[in-house]
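J.: As input, take input06.txt (compact mmCIF, C-alpha atoms and all ligand atoms):
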# COMPACT_ATOMS: atom_id res chain seq x y z
CA THR A 1 -42.71 -9.75 -21.83
CA GLN A 2 -44.82 -9.54 -18.68
CA SER A 3 -43.75 -7.05 -16.02
CA THR A 4 -43.41 -8.14 -12.40
CA ARG A 5 -45.29 -6.63 -9.47
CA PRO A 6 -42.17 -4.86 -8.16
CA GLN A 7 -41.65 -3.37 -11.63
CA ARG A 8 -45.25 -2.11 -11.68
CA LEU A 9 -44.77 -0.69 -8.17
CA LEU A 10 -41.66 1.19 -9.38
CA GLY A 11 -43.67 2.48 -12.35
CA ALA A 12 -46.28 3.87 -9.97
CA VAL A 13 -43.53 5.68 -8.02
CA GLN A 14 -42.00 7.17 -11.18
CA LYS A 15 -45.45 8.23 -12.42
CA ASN A 16 -46.96 9.59 -9.19
CA ALA A 17 -44.15 10.61 -6.84
CA THR A 18 -41.94 13.71 -6.96
CA ARG A 19 -38.22 13.03 -7.40
CA GLY A 20 -36.34 13.82 -4.18
CA ASP A 21 -39.50 13.77 -2.05
CA PRO A 22 -39.44 10.60 0.11
CA ARG A 23 -42.90 11.13 1.60
CA SER A 24 -44.42 11.31 -1.90
CA VAL A 25 -42.67 8.01 -2.73
CA VAL A 26 -44.17 6.39 0.39
CA LYS A 27 -47.62 7.80 -0.50
CA ALA A 28 -47.41 6.61 -4.12
CA ILE A 29 -46.56 3.05 -3.03
CA ASP A 30 -49.36 2.98 -0.44
CA GLU A 31 -51.90 4.23 -3.02
CA PHE A 32 -50.70 1.63 -5.55
CA CYS A 33 -50.85 -1.23 -3.04
CA ARG A 34 -54.21 -0.21 -1.61
CA HIS A 35 -55.99 0.47 -4.90
CA LYS A 36 -54.12 -1.48 -7.59
CA GLU A 37 -52.01 -4.42 -6.34
CA TRP A 38 -51.30 -5.64 -2.80
CA ALA A 39 -47.59 -5.92 -2.01
CA MET A 40 -45.75 -6.88 1.17
CA ASN A 41 -44.57 -3.42 2.24
CA VAL A 42 -44.92 -2.66 5.95
CA GLY A 43 -47.62 -0.22 4.77
CA ASP A 44 -49.15 2.98 6.11
CA GLU A 45 -50.72 1.75 9.37
CA LYS A 46 -47.70 -0.17 10.70
CA GLY A 47 -45.56 2.48 8.99
CA CYS A 48 -46.83 5.10 11.45
CA ILE A 49 -45.70 2.89 14.36
CA LEU A 50 -42.33 2.45 12.62
CA ASP A 51 -42.08 6.25 12.23
CA SER A 52 -42.72 6.84 15.93
CA VAL A 53 -40.12 4.26 17.01
CA VAL A 54 -37.50 5.77 14.65
CA SER A 55 -38.28 9.37 15.61
CA GLU A 56 -38.13 8.62 19.34
CA LEU A 57 -34.85 6.66 19.01
CA ASN A 58 -33.11 9.07 16.60
CA PRO A 59 -30.69 6.28 15.56
CA ALA A 60 -27.26 6.93 14.05
CA THR A 61 -26.89 3.41 12.62
CA VAL A 62 -29.82 1.35 11.33
CA LEU A 63 -29.81 -2.16 9.85
CA GLU A 64 -32.83 -3.29 7.83
CA LEU A 65 -33.19 -7.00 7.05
CA GLY A 66 -35.41 -7.44 3.99
CA THR A 67 -35.48 -4.45 1.62
CA TYR A 68 -38.10 -5.76 -0.83
CA CYS A 69 -38.97 -2.65 -2.93
CA GLY A 70 -37.48 -0.15 -0.50
CA TYR A 71 -40.70 1.22 1.02
CA SER A 72 -39.61 0.94 4.67
CA THR A 73 -36.04 1.79 3.68
CA VAL A 74 -37.22 5.16 2.34
CA ARG A 75 -39.68 5.62 5.21
CA ILE A 76 -36.96 5.12 7.84
CA ALA A 77 -34.20 7.03 6.02
CA SER A 78 -36.44 10.08 5.56
CA LEU A 79 -36.57 10.41 9.37
CA LEU A 80 -32.84 9.97 10.12
CA PRO A 81 -30.57 12.80 11.31
CA PRO A 82 -28.04 14.22 8.77
CA HIS A 83 -25.04 11.88 9.32
CA ALA A 84 -27.01 8.74 10.18
CA LYS A 85 -26.63 5.64 8.02
CA LEU A 86 -29.03 2.86 7.04
CA ILE A 87 -27.71 -0.47 5.74
CA THR A 88 -30.36 -2.64 4.11
CA LEU A 89 -29.88 -6.30 3.14
CA GLU A 90 -31.90 -7.97 0.38
CA PHE A 91 -31.37 -11.57 -0.71
CA ASN A 92 -33.47 -11.40 -3.91
CA PRO A 93 -31.56 -9.67 -6.76
CA ASP A 94 -34.75 -8.66 -8.60
CA TYR A 95 -36.12 -6.92 -5.51
CA ALA A 96 -32.72 -5.26 -4.93
CA LYS A 97 -32.75 -3.83 -8.47
CA ILE A 98 -36.19 -2.27 -7.92
CA ALA A 99 -35.37 -1.02 -4.42
CA CYS A 100 -32.24 0.69 -5.72
CA GLN A 101 -34.37 2.70 -8.17
CA VAL A 102 -37.04 3.54 -5.58
CA ILE A 103 -34.31 4.79 -3.21
CA ALA A 104 -32.79 6.88 -6.02
CA TRP A 105 -36.20 8.39 -6.88
CA ALA A 106 -36.55 9.41 -3.23
CA GLY A 107 -33.08 11.01 -3.39
CA LEU A 108 -31.83 9.06 -0.37
CA GLU A 109 -28.79 7.33 -1.92
CA ASP A 110 -26.40 9.13 0.47
CA LYS A 111 -28.10 7.77 3.60
CA ILE A 112 -28.72 4.24 2.42
CA GLN A 113 -26.37 1.38 1.63
CA LEU A 114 -28.23 -1.42 -0.19
CA VAL A 115 -26.45 -4.79 -0.01
CA GLU A 116 -27.51 -7.82 -2.02
CA GLY A 117 -26.95 -11.06 -0.14
CA SER A 118 -27.99 -13.11 2.86
CA SER A 119 -28.15 -11.82 6.42
CA ALA A 120 -26.22 -14.89 7.58
CA GLU A 121 -23.37 -13.91 5.26
CA TRP A 122 -23.36 -10.15 5.89
CA ILE A 123 -24.16 -9.75 9.62
CA PRO A 124 -20.73 -11.19 10.59
CA LYS A 125 -19.12 -8.71 8.16
CA MET A 126 -20.90 -5.59 9.49
CA LYS A 127 -17.97 -4.30 11.55
CA GLU A 128 -15.04 -4.99 9.20
CA HIS A 129 -16.84 -4.28 5.90
CA PHE A 130 -19.09 -1.32 6.81
CA GLY A 131 -17.18 0.10 9.78
CA VAL A 132 -20.25 -0.41 11.95
CA LYS A 133 -19.47 -0.27 15.68
CA MET A 134 -22.94 -0.86 17.12
CA LEU A 135 -26.47 -0.99 15.74
CA ASP A 136 -28.98 1.43 17.27
CA LEU A 137 -31.96 -0.04 15.44
CA VAL A 138 -32.59 -3.28 13.53
CA PHE A 139 -35.80 -3.45 11.46
CA MET A 140 -36.57 -7.11 10.73
CA ASP A 141 -38.80 -7.69 7.72
CA HIS A 142 -37.16 -10.58 5.89
CA TRP A 143 -37.84 -14.34 5.98
CA LYS A 144 -39.80 -14.90 9.16
CA ASP A 145 -37.91 -18.11 9.98
CA ASP A 146 -34.66 -16.12 9.98
CA TYR A 147 -35.71 -13.60 12.65
CA LEU A 148 -34.54 -15.78 15.56
CA PRO A 149 -31.25 -17.14 14.13
CA ASP A 150 -30.33 -13.65 12.91
CA THR A 151 -31.08 -12.14 16.34
CA LYS A 152 -28.72 -14.66 17.94
CA LEU A 153 -26.14 -13.85 15.26
CA LEU A 154 -26.44 -10.11 15.98
CA GLU A 155 -25.85 -10.85 19.69
CA ASP A 156 -22.90 -13.14 19.00
CA CYS A 157 -21.28 -10.61 16.64
CA GLY A 158 -21.41 -7.99 19.41
CA LEU A 159 -23.52 -5.64 17.28
CA LEU A 160 -26.09 -4.88 20.00
CA ARG A 161 -25.47 -2.52 22.89
CA LYS A 162 -27.57 -1.66 25.97
CA GLY A 163 -30.53 0.19 24.43
CA SER A 164 -30.32 -1.23 20.89
CA VAL A 165 -33.83 -1.75 19.50
CA LEU A 166 -35.06 -4.70 17.43
CA LEU A 167 -38.32 -3.90 15.61
CA ALA A 168 -39.87 -6.92 13.91
CA ASP A 169 -42.65 -6.80 11.30
CA ASN A 170 -45.25 -9.57 10.83
CA VAL A 171 -44.96 -11.18 14.24
CA ILE A 172 -48.59 -12.36 13.84
CA CYS A 173 -49.03 -12.64 10.05
CA PRO A 174 -47.22 -14.55 8.59
CA GLY A 175 -45.83 -14.82 12.13
CA SER A 176 -42.53 -15.70 13.75
CA PRO A 177 -43.57 -17.66 16.87
CA ASP A 178 -40.10 -18.86 17.86
CA TYR A 179 -38.72 -15.30 17.66
CA LEU A 180 -41.62 -13.92 19.69
CA LYS A 181 -41.18 -16.52 22.43
CA TYR A 182 -37.45 -15.83 22.57
CA VAL A 183 -37.55 -12.03 22.93
CA ARG A 184 -40.55 -12.12 25.30
CA ARG A 185 -38.95 -14.71 27.62
CA SER A 186 -35.35 -13.59 27.51
CA PRO A 187 -34.15 -11.48 30.48
CA ARG A 188 -31.88 -9.69 27.97
CA TYR A 189 -34.81 -7.97 26.21
CA LYS A 190 -37.65 -5.66 27.22
CA SER A 191 -40.34 -6.49 24.65
CA GLN A 192 -43.50 -4.63 23.65
CA TYR A 193 -46.20 -5.58 21.11
CA PHE A 194 -47.77 -2.88 18.90
CA ARG A 195 -51.03 -4.32 17.62
CA SER A 196 -51.97 -3.30 14.08
CA HIS A 197 -53.10 -4.90 10.82
CA LEU A 198 -51.47 -6.71 7.93
CA GLU A 199 -50.61 -4.03 5.37
CA TYR A 200 -53.62 -2.83 3.33
CA THR A 201 -55.93 -5.44 4.95
CA LYS A 202 -58.15 -6.00 8.01
CA ALA A 203 -56.20 -9.06 9.16
CA GLU A 204 -54.44 -8.76 12.51
CA ASP A 205 -50.71 -8.22 12.52
CA GLY A 206 -48.29 -6.18 14.58
CA LEU A 207 -44.76 -5.04 15.30
CA GLU A 208 -42.71 -6.30 18.24
CA LYS A 209 -40.28 -3.78 19.71
CA SER A 210 -37.53 -5.37 21.80
CA VAL A 211 -34.93 -3.29 23.64
CA PHE A 212 -31.63 -5.11 24.26
CA LEU A 213 -30.66 -4.75 27.94
CA GLY A 214 -27.00 -5.72 27.51
C1 LIG B 1 -40.28 -13.47 -0.99
N1 LIG B 1 -39.86 -12.71 0.14
C2 LIG B 1 -38.82 -11.87 0.19
N2 LIG B 1 -38.77 -11.32 1.41
C3 LIG B 1 -39.77 -11.84 2.14
C4 LIG B 1 -40.01 -11.53 3.55
N3 LIG B 1 -41.31 -10.89 3.80
C5 LIG B 1 -42.41 -11.64 3.89
O1 LIG B 1 -42.36 -12.84 3.69
C6 LIG B 1 -43.72 -10.97 4.18
C7 LIG B 1 -44.90 -11.65 3.86
C8 LIG B 1 -46.16 -11.07 4.10
C9 LIG B 1 -47.39 -11.80 3.76
C10 LIG B 1 -47.48 -12.51 2.56
C11 LIG B 1 -48.64 -13.18 2.24
C12 LIG B 1 -49.73 -13.13 3.11
F1 LIG B 1 -50.88 -13.78 2.76
C13 LIG B 1 -49.66 -12.43 4.28
C14 LIG B 1 -48.49 -11.76 4.61
C15 LIG B 1 -46.24 -9.78 4.66
C16 LIG B 1 -45.06 -9.11 4.99
O2 LIG B 1 -45.11 -7.86 5.54
C17 LIG B 1 -43.81 -9.69 4.76
O3 LIG B 1 -42.69 -8.98 5.13
C18 LIG B 1 -40.48 -12.71 1.34
MG MG B 2 -43.28 -7.35 6.41
Show me the file's structure as structure tokens.
Ligand SMILES: Cn1cnc(CNC(=O)c2cc(-c3ccc(F)cc3)cc(O)c2O)c1
Ligand SMILES: [Mg+2]
T.:
Amino acid sequence: TQSTRPQRLLGAVQKNATRGDPRSVVKAIDEFCRHKEWAMNVGDEKGCILDSVVSELNPATVLELGTYCGYSTVRIASLLPPHAKLITLEFNPDYAKIACQVIAWAGLEDKIQLVEGSSAEWIPKMKEHFGVKMLDLVFMDHWKDDYLPDTKLLEDCGLLRKGSVLLADNVICPGSPDYLKYVRRSPRYKSQYFRSHLEYTKAEDGLEKSVFLG
């Protein structure tokens, strides 16, 4: 039977990356997606912006919405301090199965909790189910139409504190215009656009970093 793209991406990781070496996993996926098959990972160019935001923030608790194959999950987790935790939500069970194996290959199981399900279902359960008090960083990379409703849900669930950072991928391509308008207009956020390119292409895209002001 035919393999899927995520399965072929996992194969490239298992073939070309060193077990327990997250940066080699990131490199293997970027090589595969640049030279073999495009896939919707945040990629190396936007990934460097992601790295700088994570390193500067030094977050203790990170929520990622949209795991896909685990590329950004591994990229973020490899930069976290020893006791920090990353919870990543993925709606698609096939993607979750691949991401779980990519995370294991990187040796980051102890830092990452992969949850299969919808953000709408799990965001309200963050505190009771995961013992999360506040979120220091939210990386949004899931369905673009869900960025805005999920941001409002995060606010309503009291998961954001003064200084919490929302970092949203694809604000230009595919785009999330309603989200962009909201965070740029709202007096409760200080927003900043990091111009870049759609992963592995020359098309414009970028990350929007929005600091919650409380
Ligand atoms: C199926 N699915 C499960 N999760 C998701 C959420 N992610 C995206 O939709 C997504 C899409 C693109 C993209 C696709 C086609 C194209 F022509 C240009 C851009 C890039 C990204 O970085 C993304 O994160 C989609
Ligand atoms: Mg994306």
J.: Take CA of Lys133 (chain A) and CA of Leu213 (chain A) and report the distance between them in Å, one decimal.
T.: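 Taking CA of Lys133 (chain A) and CA of Leu213 (chain A), their separation equals 17.2 Å.
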J.: As JSON, please report the centre and edge lengths, rounded to one decimal in Å, of the axis-aligned box that holds all listed atoms of ligand LIG 1 (chain B) with 4 Å of padding on each of the six sides.
T.:
{"center_x": -44.8, "center_y": -10.8, "center_z": 2.3, "size_x": 20.1, "size_y": 13.9, "size_z": 14.5}
J.: Could you build a table of the residues in chain A lying no more than 6 Å from ligand LIG 1 (chain B), giving for each the nearest pair of atoms and their separation in Å rounded to one decimal place, using all atoms listed in the file, ordered by chain and ascending residue number, as JSON lines?
T.:
{"residue": "A:Met40", "atom": "CA", "partner": "B:LIG1", "partner_atom": "C16", "distance": 4.5}
{"residue": "A:Asn41", "atom": "CA", "partner": "B:LIG1", "partner_atom": "O2", "distance": 5.6}
{"residue": "A:Val42", "atom": "CA", "partner": "B:LIG1", "partner_atom": "O2", "distance": 5.2}
{"residue": "A:Gly66", "atom": "CA", "partner": "B:LIG1", "partner_atom": "N2", "distance": 5.7}
{"residue": "A:Asp141", "atom": "CA", "partner": "B:LIG1", "partner_atom": "O3", "distance": 4.8}
{"residue": "A:His142", "atom": "CA", "partner": "B:LIG1", "partner_atom": "C4", "distance": 3.8}
{"residue": "A:Trp143", "atom": "CA", "partner": "B:LIG1", "partner_atom": "C4", "distance": 4.3}
{"residue": "A:Asn170", "atom": "CA", "partner": "B:LIG1", "partner_atom": "O2", "distance": 5.6}
{"residue": "A:Cys173", "atom": "CA", "partner": "B:LIG1", "partner_atom": "C14", "distance": 5.5}
{"residue": "A:Pro174", "atom": "CA", "partner": "B:LIG1", "partner_atom": "C14", "distance": 5.0}
J.: Within 12 Å of ligand MG 2 (chain B) (counting all atoms listed in the file), which residues show up? I'd like them as a ChimeraX atom specification.
T.: /A:39-44,46-47,50,64-73,139-144,147,167-176,197-200,205-208
J.: For Ala120 (chain A), which residue out of A:Ala203, A:Ile76, A:Leu89, A:Val211 is the nearest one, using only C-alpha atoms?
T.: A:Leu89
J.: Under the rule that all atoms listed in the file are counted, which of A:Val102, A:Leu160, A:Val115, A:Leu137 is the nearest residue to Asp21 (chain A)?
T.: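 The closest residue to Asp21 (chain A) is A:Val102.
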